[in-house]
Amino acid sequence: MTLNLLFITSAALFMLAVVKQLLEINAFLNRLRERHPALYESMGRPRWNIQFGDRHFREAIRYIRSKRFSELNDPELDRIYKAIKKADYVAILSAVAAIGVTLIEVMRYSAHS
């Protein structure tokens with residue numbers, strides 16, 4: 001029962017972290033559009049897009065991940081970047097926990113078979 005609760009909590013936390021990450025990416029892109037329009041235009045006006053085939057969105061993600069925005073000296077972009085990274089870590093840790101619980105359950109089931 002405790003492992004089930006841990007799995008459900010981990011899976012829910014993972015989903016929340018992914019949603020948080022996507023919302024923060026959208027906030028980042030909005031900030032670029034509002035405060036750094038020339039850069040935003042030069043990037044092809046990227047928008048959050050669930051379909052990763054969008055080249056402009058993929059390049060915007062690379063731009064964020066590489067921290068090239070730091071040259072803009074925009075504290076809000078820095079704050080958003082930190083929130084994205086925090087959501088990344090939470091998603092990774094919760095996914096590892098969910099996988100770990102699953103492996104424990106499989107091994108317990110195999111031992112009783």
# chains A, B, ... in the order shown; residues from 1 in each chain; ligands from 1

call {"tool": "residues_around", "arguments": {"residues": "stretch 73-83 of chain A", "least_positions_apart": "2", "cutoff": "8 Å", "atoms": "only C-alpha atoms", "output": "list in words"}}
result
Gln21, Glu24, Ile25, Ala27, Phe28, Arg31, Ile64, Phe69, Ser70, Glu71, Lys85, Lys86 and Ala87 of chain A

call {"tool": "write_last_selection", "arguments": {"atoms": "all heavy atoms", "output": "JSON list (two decimals), in the first residue's frame"}}
result
[["chain", "number", "residue", "atom", "x", "y", "z"],
["A", 21, "GLN", "N", 7.18, 23.18, -16.10],
["A", 21, "GLN", "CA", 8.24, 23.46, -17.05],
["A", 21, "GLN", "C", 7.68, 24.08, -18.33],
["A", 21, "GLN", "O", 8.22, 25.08, -18.83],
["A", 21, "GLN", "CB", 9.01, 22.18, -17.37],
["A", 21, "GLN", "CG", 10.15, 22.39, -18.33],
["A", 21, "GLN", "CD", 10.72, 21.09, -18.80],
["A", 21, "GLN", "OE1", 10.00, 20.24, -19.29],
["A", 21, "GLN", "NE2", 12.02, 20.95, -18.67],
["A", 24, "GLU", "N", 6.59, 27.65, -17.71],
["A", 24, "GLU", "CA", 7.75, 28.54, -17.57],
["A", 24, "GLU", "C", 8.40, 28.80, -18.93],
["A", 24, "GLU", "O", 8.86, 29.92, -19.19],
["A", 24, "GLU", "CB", 8.76, 27.97, -16.58],
["A", 24, "GLU", "CG", 8.28, 27.90, -15.15],
["A", 24, "GLU", "CD", 8.03, 29.27, -14.51],
["A", 24, "GLU", "OE1", 8.44, 30.31, -15.06],
["A", 24, "GLU", "OE2", 7.43, 29.29, -13.42],
["A", 25, "ILE", "N", 8.47, 27.80, -19.78],
["A", 25, "ILE", "CA", 9.01, 28.01, -21.13],
["A", 25, "ILE", "C", 8.14, 29.02, -21.87],
["A", 25, "ILE", "O", 8.65, 29.93, -22.54],
["A", 25, "ILE", "CB", 9.11, 26.68, -21.90],
["A", 25, "ILE", "CG1", 10.24, 25.83, -21.31],
["A", 25, "ILE", "CG2", 9.34, 26.93, -23.40],
["A", 25, "ILE", "CD1", 10.29, 24.41, -21.83],
["A", 27, "ALA", "N", 6.34, 31.36, -20.49],
["A", 27, "ALA", "CA", 6.62, 32.65, -19.86],
["A", 27, "ALA", "C", 7.93, 33.24, -20.39],
["A", 27, "ALA", "O", 8.03, 34.45, -20.63],
["A", 27, "ALA", "CB", 6.66, 32.51, -18.35],
["A", 28, "PHE", "N", 8.92, 32.38, -20.56],
["A", 28, "PHE", "CA", 10.21, 32.83, -21.09],
["A", 28, "PHE", "C", 10.04, 33.41, -22.49],
["A", 28, "PHE", "O", 10.54, 34.50, -22.79],
["A", 28, "PHE", "CB", 11.19, 31.65, -21.11],
["A", 28, "PHE", "CG", 12.62, 32.03, -21.40],
["A", 28, "PHE", "CD1", 13.51, 32.16, -20.36],
["A", 28, "PHE", "CD2", 13.06, 32.23, -22.69],
["A", 28, "PHE", "CE1", 14.84, 32.50, -20.60],
["A", 28, "PHE", "CE2", 14.37, 32.58, -22.95],
["A", 28, "PHE", "CZ", 15.26, 32.72, -21.90],
["A", 31, "ARG", "N", 8.29, 36.70, -22.39],
["A", 31, "ARG", "CA", 9.20, 37.76, -21.93],
["A", 31, "ARG", "C", 10.11, 38.21, -23.06],
["A", 31, "ARG", "O", 10.35, 39.41, -23.23],
["A", 31, "ARG", "CB", 10.02, 37.24, -20.74],
["A", 31, "ARG", "CG", 11.04, 38.19, -20.20],
["A", 31, "ARG", "CD", 10.40, 39.30, -19.42],
["A", 31, "ARG", "NE", 11.42, 40.16, -18.83],
["A", 31, "ARG", "CZ", 11.15, 41.09, -17.96],
["A", 31, "ARG", "NH1", 9.92, 41.29, -17.55],
["A", 31, "ARG", "NH2", 12.11, 41.84, -17.48],
["A", 64, "ILE", "N", 17.48, 28.57, -24.68],
["A", 64, "ILE", "CA", 17.25, 28.63, -23.23],
["A", 64, "ILE", "C", 18.24, 27.73, -22.51],
["A", 64, "ILE", "O", 18.88, 28.13, -21.53],
["A", 64, "ILE", "CB", 15.80, 28.22, -22.90],
["A", 64, "ILE", "CG1", 14.82, 29.25, -23.46],
["A", 64, "ILE", "CG2", 15.61, 28.06, -21.39],
["A", 64, "ILE", "CD1", 13.35, 28.80, -23.43],
["A", 69, "PHE", "N", 20.91, 33.61, -23.19],
["A", 69, "PHE", "CA", 20.13, 34.78, -22.83],
["A", 69, "PHE", "C", 20.79, 35.61, -21.74],
["A", 69, "PHE", "O", 20.41, 36.76, -21.50],
["A", 69, "PHE", "CB", 18.72, 34.37, -22.37],
["A", 69, "PHE", "CG", 18.73, 33.56, -21.12],
["A", 69, "PHE", "CD1", 18.70, 34.17, -19.88],
["A", 69, "PHE", "CD2", 18.80, 32.17, -21.18],
["A", 69, "PHE", "CE1", 18.73, 33.41, -18.72],
["A", 69, "PHE", "CE2", 18.82, 31.42, -20.03],
["A", 69, "PHE", "CZ", 18.79, 32.04, -18.80],
["A", 70, "SER", "N", 21.78, 35.05, -21.05],
["A", 70, "SER", "CA", 22.40, 35.77, -19.93],
["A", 70, "SER", "C", 23.03, 37.09, -20.38],
["A", 70, "SER", "O", 23.13, 38.02, -19.59],
["A", 70, "SER", "CB", 23.43, 34.89, -19.22],
["A", 70, "SER", "OG", 24.45, 34.51, -20.11],
["A", 71, "GLU", "N", 23.41, 37.19, -21.64],
["A", 71, "GLU", "CA", 23.98, 38.44, -22.16],
["A", 71, "GLU", "C", 22.95, 39.57, -22.19],
["A", 71, "GLU", "O", 23.31, 40.73, -22.33],
["A", 71, "GLU", "CB", 24.58, 38.22, -23.54],
["A", 71, "GLU", "CG", 23.55, 37.83, -24.58],
["A", 71, "GLU", "CD", 24.15, 37.25, -25.85],
["A", 71, "GLU", "OE1", 25.28, 36.76, -25.80],
["A", 71, "GLU", "OE2", 23.46, 37.30, -26.88],
["A", 85, "LYS", "N", 14.79, 24.92, -14.69],
["A", 85, "LYS", "CA", 15.76, 23.93, -14.21],
["A", 85, "LYS", "C", 15.24, 23.19, -12.98],
["A", 85, "LYS", "O", 15.40, 21.98, -12.87],
["A", 85, "LYS", "CB", 17.11, 24.60, -13.89],
["A", 85, "LYS", "CG", 17.83, 25.16, -15.10],
["A", 85, "LYS", "CD", 18.11, 24.11, -16.15],
["A", 85, "LYS", "CE", 19.20, 23.19, -15.72],
["A", 85, "LYS", "NZ", 19.54, 22.17, -16.70],
["A", 86, "LYS", "N", 14.61, 23.91, -12.07],
["A", 86, "LYS", "CA", 14.05, 23.27, -10.88],
["A", 86, "LYS", "C", 12.97, 22.26, -11.27],
["A", 86, "LYS", "O", 12.93, 21.14, -10.75],
["A", 86, "LYS", "CB", 13.47, 24.32, -9.94],
["A", 86, "LYS", "CG", 13.12, 23.76, -8.57],
["A", 86, "LYS", "CD", 12.56, 24.83, -7.66],
["A", 86, "LYS", "CE", 13.60, 25.87, -7.34],
["A", 86, "LYS", "NZ", 13.14, 26.87, -6.36],
["A", 87, "ALA", "N", 12.12, 22.64, -12.22],
["A", 87, "ALA", "CA", 11.09, 21.72, -12.70],
["A", 87, "ALA", "C", 11.73, 20.50, -13.36],
["A", 87, "ALA", "O", 11.24, 19.37, -13.21],
["A", 87, "ALA", "CB", 10.14, 22.43, -13.66]]

call {"tool": "closest_residue", "arguments": {"among": "A:Leu22, A:Ser94, A:Ala17, A:Arg35", "to": "A:Trp48", "atoms": "only C-alpha atoms"}}
result
A:Leu22

call {"tool": "residues_around", "arguments": {"residues": "A:Met15", "least_positions_apart": "4", "cutoff": "8 Å", "atoms": "only C-alpha atoms", "output": "NGL selection string"}}
result
:A and (11 or 19 or 91)

call {"tool": "residues_around", "arguments": {"residues": "A:Arg108", "least_positions_apart": "6", "cutoff": "12 Å", "atoms": "only C-alpha atoms", "output": "ChimeraX atom specification"}}
result
/A:3,101-102

call {"tool": "atom_distance", "arguments": {"atom1": "atom CA of A:Phe14", "atom2": "atom CA of A:Leu29"}}
result
22.7 Å

call {"tool": "residues_around", "arguments": {"residues": "A:Pro46", "least_positions_apart": "3", "cutoff": "10 Å", "atoms": "only C-alpha atoms", "output": "ChimeraX atom specification"}}
result
/A:26,29-30,32-33,40-43,49,54-61

call {"tool": "atom_distance", "arguments": {"atom1": "atom CA of A:Arg68", "atom2": "atom CA of A:Gly53"}}
result
22.1 Å

call {"tool": "closest_residue", "arguments": {"among": "A:Ile84, A:Leu16, A:Ala98, A:Ile104", "to": "A:Arg65", "atoms": "only C-alpha atoms"}}
result
A:Ile84

call {"tool": "select_by_dssp", "arguments": {"residues": "chain A", "states": "alpha helix (DSSP H)", "output": "MDAnalysis selection string"}}
result
chainID A and resid 2:35 37:42 55:65 75:112

call {"tool": "atom_distance", "arguments": {"atom1": "atom CA of A:Val96", "atom2": "atom CA of A:Ser10"}}
result
8.5 Å

call {"tool": "closest_residue", "arguments": {"among": "A:Ala97, A:Ala111, A:Val106, A:Ile92", "to": "A:Phe7", "atoms": "only C-alpha atoms"}}
result
A:Ala97
